[in-house]
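Enquirer: Structure: upload-v3.txt, compact mmCIF, C-alpha atoms.
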```
# COMPACT_ATOMS: atom_id res chain seq x y z
CA MET A 1 -30.39 -10.39 2.15
CA ALA A 2 -29.58 -13.40 4.37
CA LYS A 3 -31.97 -16.33 4.20
CA LYS A 4 -34.45 -16.27 7.03
CA THR A 5 -35.50 -19.87 6.65
CA GLN A 6 -32.38 -21.12 8.42
CA SER A 7 -31.84 -20.54 12.13
CA ASP A 8 -28.85 -18.47 13.18
CA GLU A 9 -27.28 -21.50 14.83
CA ALA A 10 -27.68 -23.62 11.70
CA TRP A 11 -26.26 -20.79 9.55
CA ILE A 12 -23.23 -20.44 11.83
CA ALA A 13 -22.67 -24.20 11.83
CA THR A 14 -22.71 -24.26 8.02
CA VAL A 15 -20.31 -21.31 7.83
CA THR A 16 -18.01 -23.04 10.33
CA THR A 17 -17.90 -26.17 8.18
CA ALA A 18 -17.13 -24.14 5.06
CA VAL A 19 -14.43 -22.11 6.84
CA LYS A 20 -12.84 -25.30 8.14
CA ALA A 21 -12.63 -26.66 4.59
CA PHE A 22 -11.24 -23.37 3.30
CA CYS A 23 -8.55 -23.26 6.00
CA ARG A 24 -7.59 -26.87 5.36
CA GLU A 25 -7.10 -26.22 1.66
CA TYR A 26 -5.47 -22.80 1.74
CA LYS A 27 -3.65 -22.40 5.05
CA VAL A 28 -0.38 -23.22 3.36
CA ILE A 29 -0.91 -20.20 1.10
CA TYR A 30 -2.20 -17.58 3.52
CA ALA A 31 -0.39 -18.54 6.75
CA VAL A 32 2.87 -16.98 5.61
CA LYS A 33 5.27 -15.01 7.72
CA ALA A 34 4.28 -11.43 8.49
CA ARG A 35 7.36 -10.33 6.55
CA GLU A 36 6.04 -11.99 3.41
CA ARG A 37 2.66 -10.38 3.84
CA ALA A 38 4.30 -6.96 4.26
CA ALA A 39 6.48 -7.67 1.22
CA SER A 40 3.39 -8.60 -0.75
CA PHE A 41 1.79 -5.30 0.18
CA GLU A 42 4.93 -3.40 -0.83
CA ILE A 43 5.07 -5.23 -4.17
CA GLY A 44 1.37 -4.45 -4.64
CA CYS A 45 2.16 -0.75 -4.17
CA LEU A 46 5.00 -0.99 -6.69
CA HIS A 47 2.60 -2.66 -9.12
CA MET A 48 0.10 0.17 -8.69
CA LEU A 49 2.80 2.72 -9.42
CA LEU A 50 4.16 0.81 -12.43
CA THR A 51 0.69 0.22 -13.83
CA ASN A 52 0.18 3.97 -13.64
CA TYR A 53 3.49 4.66 -15.40
CA GLU A 54 2.70 2.08 -18.10
CA GLN A 55 0.05 4.48 -19.35
CA VAL A 56 2.58 7.20 -20.14
CA GLY A 57 5.91 5.52 -20.80
CA ALA A 58 7.83 2.31 -21.42
CA LEU A 59 9.08 0.27 -18.50
CA LEU A 60 12.11 -1.96 -18.72
CA PRO A 61 13.41 -4.03 -15.80
CA MET A 62 17.19 -3.70 -15.62
CA ASN A 63 19.98 -5.71 -14.08
CA LEU A 64 18.07 -8.99 -13.72
CA ASN A 65 19.78 -11.96 -12.11
CA GLU A 66 21.11 -14.95 -14.05
CA LYS A 67 17.68 -16.66 -13.91
CA GLY A 68 16.03 -13.62 -15.46
CA GLU A 69 14.40 -12.66 -12.15
CA PHE A 70 14.01 -9.14 -10.85
CA ARG A 71 16.17 -8.99 -7.74
CA TYR A 72 14.30 -6.72 -5.32
CA LEU A 73 16.45 -4.69 -2.97
CA THR A 74 14.88 -5.18 0.46
CA SER A 75 17.31 -3.27 2.66
CA PRO A 76 19.30 -0.02 2.40
CA ASN A 77 22.40 -1.98 3.35
CA GLY A 78 22.52 -3.75 -0.01
CA ASN A 79 24.54 -2.30 -2.86
CA PRO A 80 21.93 -0.97 -5.31
CA GLU A 81 24.23 -1.84 -8.19
CA ASN A 82 23.76 -5.54 -7.34
CA PHE A 83 19.98 -5.35 -7.52
CA SER A 84 17.41 -4.81 -10.22
CA TRP A 85 15.61 -1.58 -10.97
CA ILE A 86 13.16 -0.31 -13.56
CA GLN A 87 13.90 2.08 -16.33
CA LEU A 88 11.05 4.40 -17.24
CA SER A 89 11.46 5.81 -20.74
CA VAL A 90 9.27 8.75 -21.52
CA ASN A 91 9.71 11.55 -24.03
CA GLY A 92 13.21 10.33 -24.82
CA ARG A 93 14.40 10.40 -21.21
CA ASP A 94 15.16 7.44 -18.96
CA PHE A 95 14.12 7.79 -15.34
CA GLN A 96 14.96 5.17 -12.74
CA ILE A 97 12.52 3.47 -10.37
CA ARG A 98 14.34 1.84 -7.48
CA GLN A 99 13.56 0.31 -4.11
CA GLN A 100 15.23 0.93 -0.76
CA VAL A 101 17.74 3.49 -1.96
CA ARG A 102 18.80 5.82 0.79
CA VAL A 103 18.20 9.52 0.13
CA GLN A 104 20.61 12.12 1.51
CA SER A 105 18.65 15.25 2.27
CA HIS A 106 19.42 18.74 0.99
CA TRP A 107 18.78 19.86 4.57
CA HIS A 108 22.03 18.32 5.80
CA ASN A 109 24.39 15.55 4.67
CA ASP A 110 23.79 13.67 7.91
CA ILE A 111 20.06 13.49 7.27
CA ALA A 112 19.66 10.33 5.24
CA PHE A 113 16.85 7.81 5.19
CA CYS A 114 15.42 5.14 3.02
CA PRO A 115 12.02 5.49 1.31
CA ASP A 116 10.48 2.24 0.06
CA ILE A 117 10.35 3.31 -3.59
CA VAL A 118 12.10 6.22 -5.30
CA VAL A 119 11.84 7.61 -8.79
CA LEU A 120 15.14 9.22 -9.78
CA LYS A 121 16.11 11.66 -12.49
CA PRO A 122 17.81 10.19 -15.56
CA ASP A 123 21.29 11.33 -14.56
CA ALA A 124 21.02 10.18 -10.94
CA SER A 125 23.86 8.11 -9.54
CA VAL A 126 24.13 6.21 -6.30
CA GLN A 127 27.13 7.22 -4.23
CA SER A 128 28.96 4.91 -1.86
CA VAL A 129 31.28 5.92 0.96
CA LEU A 130 32.87 4.16 3.91
CA ASP A 131 31.91 5.85 7.15
CA GLU A 132 33.24 4.74 10.50
CA ASP A 133 29.90 5.54 12.09
CA PHE A 134 28.17 3.09 9.77
CA ALA A 135 28.80 -0.64 10.35
CA ASN A 136 32.21 0.25 11.86
CA GLY A 137 33.35 1.39 8.45
CA LYS A 138 33.16 -2.18 7.10
CA MET A 139 30.22 -1.67 4.77
CA LYS A 140 29.63 1.03 2.22
CA PHE A 141 26.99 3.65 2.92
CA PHE A 142 24.93 3.98 -0.26
CA SER A 143 22.83 7.03 -0.97
CA VAL A 144 21.49 9.34 -3.62
CA LYS A 145 21.22 13.12 -3.23
CA SER A 146 17.75 14.51 -2.78
CA ASP A 147 18.19 16.84 -5.75
CA GLN A 148 18.12 13.68 -7.89
CA VAL A 149 14.78 12.55 -6.54
CA VAL A 150 11.62 12.99 -8.57
CA SER A 151 9.42 11.26 -6.03
CA ALA A 152 9.85 9.12 -2.95
CA HIS A 153 7.05 6.76 -1.98
CA GLU A 154 6.34 5.02 1.31
CA CYS A 155 4.36 1.80 1.81
CA LYS A 156 2.91 1.12 5.25
CA SER A 157 0.66 -1.82 5.88
CA LEU A 158 -0.96 0.05 8.76
CA SER A 159 -4.01 2.12 9.53
CA PRO A 160 -3.62 5.80 8.66
CA PHE A 161 -3.23 7.02 12.22
CA PRO A 162 -2.47 10.76 12.46
CA GLU A 163 1.15 10.39 13.56
CA LEU A 164 1.90 8.20 10.54
CA LEU A 165 0.36 10.78 8.24
CA VAL A 166 2.32 13.73 9.61
CA SER A 167 5.57 11.76 9.78
CA PHE A 168 5.25 11.24 6.02
CA LEU A 169 5.39 15.01 5.62
CA GLY A 170 8.86 15.00 7.19
CA ALA A 171 10.04 12.30 4.81
CA PHE A 172 8.41 14.11 1.90
CA GLN A 173 10.14 17.42 2.64
CA ALA A 174 13.51 15.87 3.47
CA ALA A 175 13.59 13.78 0.29
CA HIS A 176 12.48 16.32 -2.31
CA GLN A 177 14.65 19.31 -2.91
CA TRP A 178 12.17 20.59 -5.48
CA TYR A 179 9.69 21.33 -2.71
CA ASP A 180 10.09 24.52 -0.72
CA PRO A 181 7.20 25.61 1.49
CA ARG A 182 8.42 29.21 1.27
CA VAL A 183 7.95 29.36 -2.47
CA SER A 184 4.65 29.62 -4.22
CA TYR A 185 4.90 27.37 -7.24
CA GLU A 186 2.64 25.19 -9.33
CA TYR A 187 4.02 21.84 -8.23
CA LEU A 188 1.15 19.94 -9.78
CA ASN A 189 -0.14 19.36 -13.26
CA ALA A 190 -3.00 16.98 -13.94
CA GLN A 191 -1.28 15.92 -17.18
CA GLY A 192 2.09 15.28 -15.51
CA ILE A 193 4.07 12.09 -16.00
CA HIS A 194 4.97 11.42 -12.41
CA PRO A 195 2.45 10.73 -9.64
CA ALA A 196 3.13 13.04 -6.70
CA PRO A 197 4.94 11.34 -3.80
CA CYS A 198 2.65 8.68 -2.39
CA LEU A 199 2.07 7.31 1.05
CA PHE A 200 0.48 3.91 0.42
CA ILE A 201 -1.44 2.66 3.43
CA GLY A 202 -2.84 -0.84 3.67
CA GLY A 203 -5.03 -0.40 6.69
CA ASP A 204 -8.54 0.91 6.87
CA SER A 205 -9.30 4.55 7.51
CA ARG A 206 -12.00 6.09 9.63
CA PRO A 207 -14.00 9.19 8.68
CA ILE A 208 -11.89 11.51 10.83
CA GLN A 209 -8.73 10.10 9.24
CA ARG A 210 -10.17 10.51 5.76
CA ARG A 211 -10.76 14.17 6.55
CA MET A 212 -7.15 14.53 7.68
CA ILE A 213 -5.93 12.85 4.48
CA LYS A 214 -8.01 15.20 2.39
CA ALA A 215 -6.64 18.20 4.28
CA LEU A 216 -3.02 17.10 3.92
CA GLU A 217 -3.46 16.45 0.22
CA ALA A 218 -4.88 19.94 -0.16
CA GLU A 219 -1.85 21.47 1.57
CA PHE A 220 0.99 19.44 0.04
CA PRO A 221 1.79 17.96 -3.40
CA ILE A 222 1.33 14.41 -2.19
CA ASN A 223 -0.99 11.44 -2.60
CA ILE A 224 -2.15 9.46 0.38
CA VAL A 225 -3.43 6.18 -0.97
CA SER A 226 -5.42 4.56 1.79
CA GLY A 227 -6.85 1.06 1.55
CA LEU A 228 -5.93 -1.52 -1.05
CA HIS A 229 -9.16 -1.47 -2.99
CA PHE A 230 -9.48 2.27 -3.11
CA GLY A 231 -5.76 2.47 -3.87
CA GLN A 232 -6.11 0.68 -7.18
CA PHE A 233 -8.93 3.03 -8.09
CA LYS A 234 -7.02 6.13 -7.04
CA MET A 235 -3.81 5.17 -8.84
CA SER A 236 -5.55 4.51 -12.13
CA ARG A 237 -5.02 7.37 -14.58
CA LYS A 238 -8.55 6.91 -15.90
CA ASN A 239 -10.32 8.52 -12.99
CA ARG A 240 -7.92 11.41 -12.23
CA ALA A 241 -8.16 10.84 -8.49
CA ALA A 242 -4.41 11.07 -7.92
CA LYS A 243 -2.23 14.17 -8.19
CA TYR A 244 0.63 14.47 -10.67
CA LEU A 245 3.80 16.56 -10.57
CA ASN A 246 4.54 19.43 -12.88
CA ASP A 247 6.98 18.02 -15.45
CA ASP A 248 8.74 21.39 -15.74
CA MET A 249 10.50 20.63 -12.44
CA PHE A 250 12.36 17.74 -14.07
CA ALA A 251 12.71 19.05 -17.61
CA ALA A 252 16.01 18.41 -19.36
CA THR A 253 15.91 21.61 -21.36
CA THR A 254 18.11 24.52 -20.39
CA LYS A 255 15.48 27.16 -20.93
CA PRO A 256 15.99 30.11 -18.60
CA ARG A 257 14.28 29.75 -15.26
CA SER A 258 12.84 32.57 -13.21
CA ALA A 259 14.88 33.86 -10.30
CA ARG A 260 12.36 32.26 -7.97
CA ARG A 261 12.73 28.87 -9.64
CA ARG A 262 16.52 29.18 -9.65
CA ARG A 263 16.43 29.78 -5.91
CA LEU A 264 14.17 26.80 -5.50
CA LEU A 265 16.42 24.50 -7.48
CA LEU A 266 19.72 25.58 -5.96
CA PRO A 267 21.29 22.54 -4.28
CA ASN A 268 21.92 24.17 -0.93
CA HIS A 269 19.31 26.85 -0.59
CA GLU A 270 18.85 28.03 2.93
CA SER A 271 16.78 25.62 4.94
CA PRO A 272 13.56 27.04 6.33
CA PHE A 273 13.88 24.80 9.37
CA MET B 274 -12.16 -15.86 20.77
CA HIS B 275 -14.97 -16.64 18.35
CA PRO B 276 -14.66 -20.26 17.12
CA ILE B 277 -14.63 -19.15 13.47
CA LEU B 278 -11.91 -16.62 14.17
CA ASN B 279 -10.00 -19.35 15.96
CA LEU B 280 -10.09 -21.44 12.80
CA LEU B 281 -9.05 -18.56 10.57
CA VAL B 282 -6.06 -17.40 12.58
CA ALA B 283 -4.68 -20.82 13.49
CA GLY B 284 -1.20 -21.04 12.02
CA LEU B 285 -0.63 -17.30 11.78
CA GLU B 286 2.19 -15.56 13.62
CA THR B 287 1.21 -14.24 17.05
CA GLU B 288 1.41 -10.62 16.02
CA GLU B 289 -0.93 -11.19 13.10
CA LYS B 290 -3.34 -13.24 15.22
CA GLU B 291 -3.50 -10.35 17.65
CA SER B 292 -3.97 -7.84 14.88
CA VAL B 293 -6.98 -9.69 13.47
CA SER B 294 -8.42 -10.34 16.94
CA ARG B 295 -8.11 -6.69 17.92
CA ARG B 296 -9.98 -5.69 14.80
CA VAL B 297 -12.79 -8.13 15.55
CA GLU B 298 -12.96 -6.87 19.13
CA ALA B 299 -13.19 -3.28 17.90
CA MET B 300 -16.04 -4.22 15.58
CA ASN B 301 -17.84 -5.99 18.42
CA SER B 302 -17.40 -2.98 20.69
CA GLU B 303 -18.83 -0.74 18.02
CA LEU B 304 -21.77 -3.10 17.64
CA GLU B 305 -22.47 -2.72 21.37
CA TYR B 306 -22.30 1.04 20.99
CA LEU B 307 -24.70 0.98 18.05
CA ARG B 308 -27.14 -1.28 19.90
CA GLU B 309 -27.37 1.34 22.63
CA ASN B 310 -27.25 4.45 20.50
CA LYS B 311 -28.71 3.47 17.14
CA PRO B 312 -31.06 0.61 17.98
CA LYS B 313 -33.21 1.24 14.91
CA ASP B 314 -30.27 0.55 12.57
CA ILE B 315 -29.48 -2.67 14.37
CA ALA B 316 -33.14 -3.70 14.36
CA GLU B 317 -33.32 -3.04 10.61
CA ALA B 318 -30.21 -5.19 10.02
CA LYS B 319 -31.81 -7.96 12.08
CA LYS B 320 -35.00 -7.67 10.08
CA ARG B 321 -32.87 -8.20 7.00
CA GLY B 322 -31.46 -11.42 8.44
CA TRP B 323 -28.37 -10.11 10.22
CA SER B 324 -28.67 -10.85 13.92
CA ALA B 325 -25.89 -9.93 16.33
CA GLN B 326 -24.75 -13.56 16.29
CA LYS B 327 -24.39 -13.55 12.53
CA LEU B 328 -22.76 -10.13 12.53
CA GLN B 329 -20.08 -11.50 14.82
CA VAL B 330 -19.28 -14.14 12.20
CA LEU B 331 -19.19 -11.43 9.58
CA PHE B 332 -16.69 -9.43 11.66
CA CYS B 333 -14.37 -12.44 11.70
CA LEU B 334 -14.56 -12.94 7.94
CA ASN B 335 -14.25 -9.21 7.25
CA SER B 336 -11.16 -8.85 9.45
CA PHE B 337 -9.51 -11.98 8.09
CA TYR B 338 -10.09 -10.73 4.57
CA GLN B 339 -8.73 -7.26 5.24
CA ARG B 340 -5.73 -8.13 7.38
CA ILE B 341 -4.66 -11.47 5.94
CA LEU B 342 -5.96 -12.10 2.43
CA ALA B 343 -6.07 -8.63 0.90
CA PRO B 344 -2.37 -7.78 1.47
CA LEU B 345 -1.42 -11.06 -0.23
CA TRP B 346 -3.85 -10.45 -3.03
CA ALA B 347 -2.41 -6.95 -3.58
CA SER B 348 0.66 -8.31 -5.34
CA THR B 349 -1.19 -10.50 -7.82
CA THR B 350 -2.21 -7.83 -10.31
CA PRO B 351 1.15 -6.96 -11.80
CA PRO B 352 1.82 -4.55 -14.61
CA ALA B 353 2.62 -6.15 -17.96
CA VAL B 354 6.32 -5.76 -17.43
CA LEU B 355 7.02 -7.26 -14.04
CA GLY B 356 5.86 -9.82 -11.50
CA SER B 357 4.48 -12.38 -13.91
CA LYS B 358 6.68 -13.04 -16.96
CA ILE B 359 9.62 -11.63 -15.05
CA PRO B 360 9.39 -12.96 -11.49
CA ILE B 361 10.37 -10.77 -8.54
CA ARG B 362 12.80 -12.32 -6.09
CA TYR B 363 12.32 -10.70 -2.69
CA GLY B 364 15.09 -11.75 -0.33
CA LYS B 365 16.28 -15.34 -0.51
CA THR B 366 13.00 -17.19 -0.18
CA ILE B 367 10.11 -15.13 -1.53
CA VAL B 368 9.31 -15.15 -5.24
CA PHE B 369 6.44 -13.23 -6.80
CA ASP B 370 5.63 -14.98 -10.05
CA ALA B 371 2.74 -16.18 -12.19
CA LYS B 372 2.44 -19.45 -10.22
CA ARG B 373 2.16 -17.62 -6.91
CA ASN B 374 -0.28 -15.12 -8.39
CA ALA B 375 -2.48 -17.97 -9.68
CA ALA B 376 -2.50 -19.76 -6.30
CA ILE B 377 -3.40 -16.59 -4.40
CA ASN B 378 -6.03 -15.58 -6.94
CA LYS B 379 -7.63 -19.02 -6.62
CA MET B 380 -7.61 -18.76 -2.84
CA GLY B 381 -9.06 -15.25 -2.92
CA SER B 382 -11.77 -16.20 -5.39
CA ASN B 383 -12.73 -19.25 -3.33
CA PHE B 384 -12.94 -17.12 -0.20
CA LEU B 385 -15.25 -14.69 -1.96
CA GLN B 386 -17.38 -17.58 -3.24
CA LEU B 387 -17.56 -19.01 0.27
CA CYS B 388 -18.77 -15.66 1.55
CA GLN B 389 -21.28 -15.23 -1.25
CA ARG B 390 -22.78 -18.61 -0.41
CA PHE B 391 -23.72 -17.09 2.93
CA GLN B 392 -25.03 -13.83 1.43
CA ILE B 393 -21.85 -11.92 2.30
CA GLN B 394 -20.98 -9.59 -0.56
CA LEU B 395 -17.53 -8.20 -1.31
CA THR B 396 -18.63 -4.72 -0.25
CA MET B 397 -19.41 -6.18 3.18
CA LEU B 398 -15.90 -7.59 3.41
CA GLU B 399 -14.49 -4.22 2.43
CA ALA B 400 -16.42 -2.34 5.13
CA GLN B 401 -14.04 -0.68 7.52
CA ARG B 402 -16.24 -0.28 10.55
CA THR B 403 -19.34 -1.85 12.01
CA SER B 404 -21.38 1.25 11.20
CA ASP B 405 -20.26 1.04 7.54
CA LEU B 406 -21.25 -2.61 7.50
CA ILE B 407 -24.67 -1.95 9.00
CA TRP B 408 -25.20 0.83 6.50
CA LYS B 409 -24.29 -1.50 3.62
CA ILE B 410 -26.67 -4.18 4.92
CA ASN B 411 -29.51 -1.75 5.40
CA SER B 412 -28.93 -0.15 1.99
CA GLN B 413 -29.39 -3.40 0.12
CA PRO B 414 -32.60 -3.53 -1.91
```
As structure tokens, please, write out the structure in this file.
Expert:
Amino acid sequence: MAKKTQSDEAWIATVTTAVKAFCREYKVIYAVKARERAASFEIGCLHMLLTNYEQVGALLPMNLNEKGEFRYLTSPNGNPENFSWIQLSVNGRDFQIRQQVRVQSHWHNDIAFCPDIVVLKPDASVQSVLDEDFANGKMKFFSVKSDQVVSAHECKSLSPFPELLVSFLGAFQAAHQWYDPRVSYEYLNAQGIHPAPCLFIGGDSRPIQRRMIKALEAEFPINIVSGLHFGQFKMSRKNRAAKYLNDDMFAATTKPRSARRRRLLLPNHESPF
Amino acid sequence: MHPILNLLVAGLETEEKESVSRRVEAMNSELEYLRENKPKDIAEAKKRGWSAQKLQVLFCLNSFYQRILAPLWASTTPPAVLGSKIPIRYGKTIVFDAKRNAAINKMGSNFLQLCQRFQIQLTMLEAQRTSDLIWKINSQP
């Protein structure tokens, strides 16, 4: 409870003095460019994801630069082979965690977009082509097929306004061939290795938005991680707040699959849209 | 603009200044709404030492924390494998490493200490709306 012995004016004057001192000492640290703040948020989301994966597997940063730094790919225009990525080793298989790798959708080859973070199957490879419609054919167009994607995650330092939430559903469906709304399948398993595709949101949510998030999470195999503080709680494996994918979808074994699963996993199954 | 907000956003890019200011304005508008529609809650907060004048200061600190400090702080709790022992180079100029993490952690801790000196708890900085804030104030023992 605030002290009542001090007048409001005196309290405000004391706060003002303290804030002035704080700003003088730390402005150089917090008054960074908006791009750096957004980058910091994105790195924070990556940390949450990696911290989660550390509980189930071994992480190894790959392709570091000559100084031993992790070279973060910040744009889909960069050649992923020139940047660092993280190898996730679990149960004898090596998945890849990469940033800003363009995903070419199973819906159509011309549908390609760039999630902030992707987790790729062990055998995934990034393709590069020259396309006259991209940078006048002077730069390579890098992408990975959506059938190689385990999970694609988005980081938005924004409030969870409804249009942002539903637009994530488009990205989710376009980037994950394993998901087919026509097929009834157990996409989730609480003991799974991989967190379901996440939309990380930095901004604050209001009660009506929280209801929408809850409803979307009930309908789709996704996590919507809203708010930085709650995010760290939700992405901790200890409290089981997040959803995890069914590992069977990414199993390396060649055990026979049901006809329904075979249809689901076919590379070019008929689009429902 | 509130003088304290003015101090906090000086030096920020225009877009970020506006973002923090809009949030403070929204909290002030909600306060007005609550004064008209839930006067008992506001009276209870005042009884507990939180007048409208002081709440306005709290809105500034809350918004600055959420929009400016918290996103920076988000990157300072790296997993064991990356972001501390192995720095992350983001573009040409930004490096996320142990030194940066330490500086931001110190800043964040000092901001929380500053707030605590004025009876502002972390949960009050984390409140997302004025009504949440009033509820937190009125729920304190």
Enquirer: Can you report as lines of an AutoDock Vina configuration file the centre and edge lengths in Å, to one decimal, of an axis-aligned box around the listed atoms of stretch 206-221 of chain A padded with 4 Å on each side?
Expert:
```
center_x = -6.1
center_y = 13.8
center_z = 3.7
size_x = 23.8
size_y = 23.4
size_z = 22.2
```
Enquirer: Can you check which residues of chain A have any atom within 7 Å of chain B? Use all atoms listed in the file and format it as a ChimeraX atom specification.
Expert: /A:1-4,8,16,20,23,26,30-31,33-34,37,40-41,43-44,47,50-51,59,68-72,74,204,228
Enquirer: I need every residue sitting at most 10 Å from the point (-3.8, 9.7, 13.6) (coordinates as in the file, all atoms listed in the file considered), written as a ChimeraX atom specification.
Expert: /A:159-166,205-206,208-209,212-213
Enquirer: Calculate how many Å separate atom CA of A:Gly57 from atom CA of A:Ile193, rounding to one decimal.
Expert: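 According to the coordinates, atom CA of A:Gly57 and atom CA of A:Ile193 are separated by 8.3 Å.
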Enquirer: So which residues fall inside 9 Å of (-9.5, -11.1, 14.7) if we count only C-alpha atoms? Mind giving them as a PyMOL selection string?
Expert: chain B and resi 274-275+278-279+281-282+289-298+332-334+336-337+340
Enquirer: A:Asp247, A:Glu42, A:Glu132, A:Asp147: which is nearest A:Gln99, counting only C-alpha atoms?
Expert: A:Glu42
Enquirer: Using atom CA of A:Leu46 and atom CA of A:Ile117 as the two end points, give the distance in Å to one decimal.
Expert: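 Taking atom CA of A:Leu46 and atom CA of A:Ile117, their separation equals 7.5 Å.
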Enquirer: With distances taken over all atoms listed in the file, which of A:Pro122, A:Gly192, A:Pro181, A:Gly170 is nearest to A:Glu154?
Expert: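 Of the candidates, the smallest distance to A:Glu154 is held by A:Gly170.
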Enquirer: Go ahead and compute the interatomic distance for atom CA of A:Asn63 and atom CA of A:Ala38, in Å to one decimal.
Expert: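 Atom CA of A:Asn63 sits 24.2 Å away from atom CA of A:Ala38.
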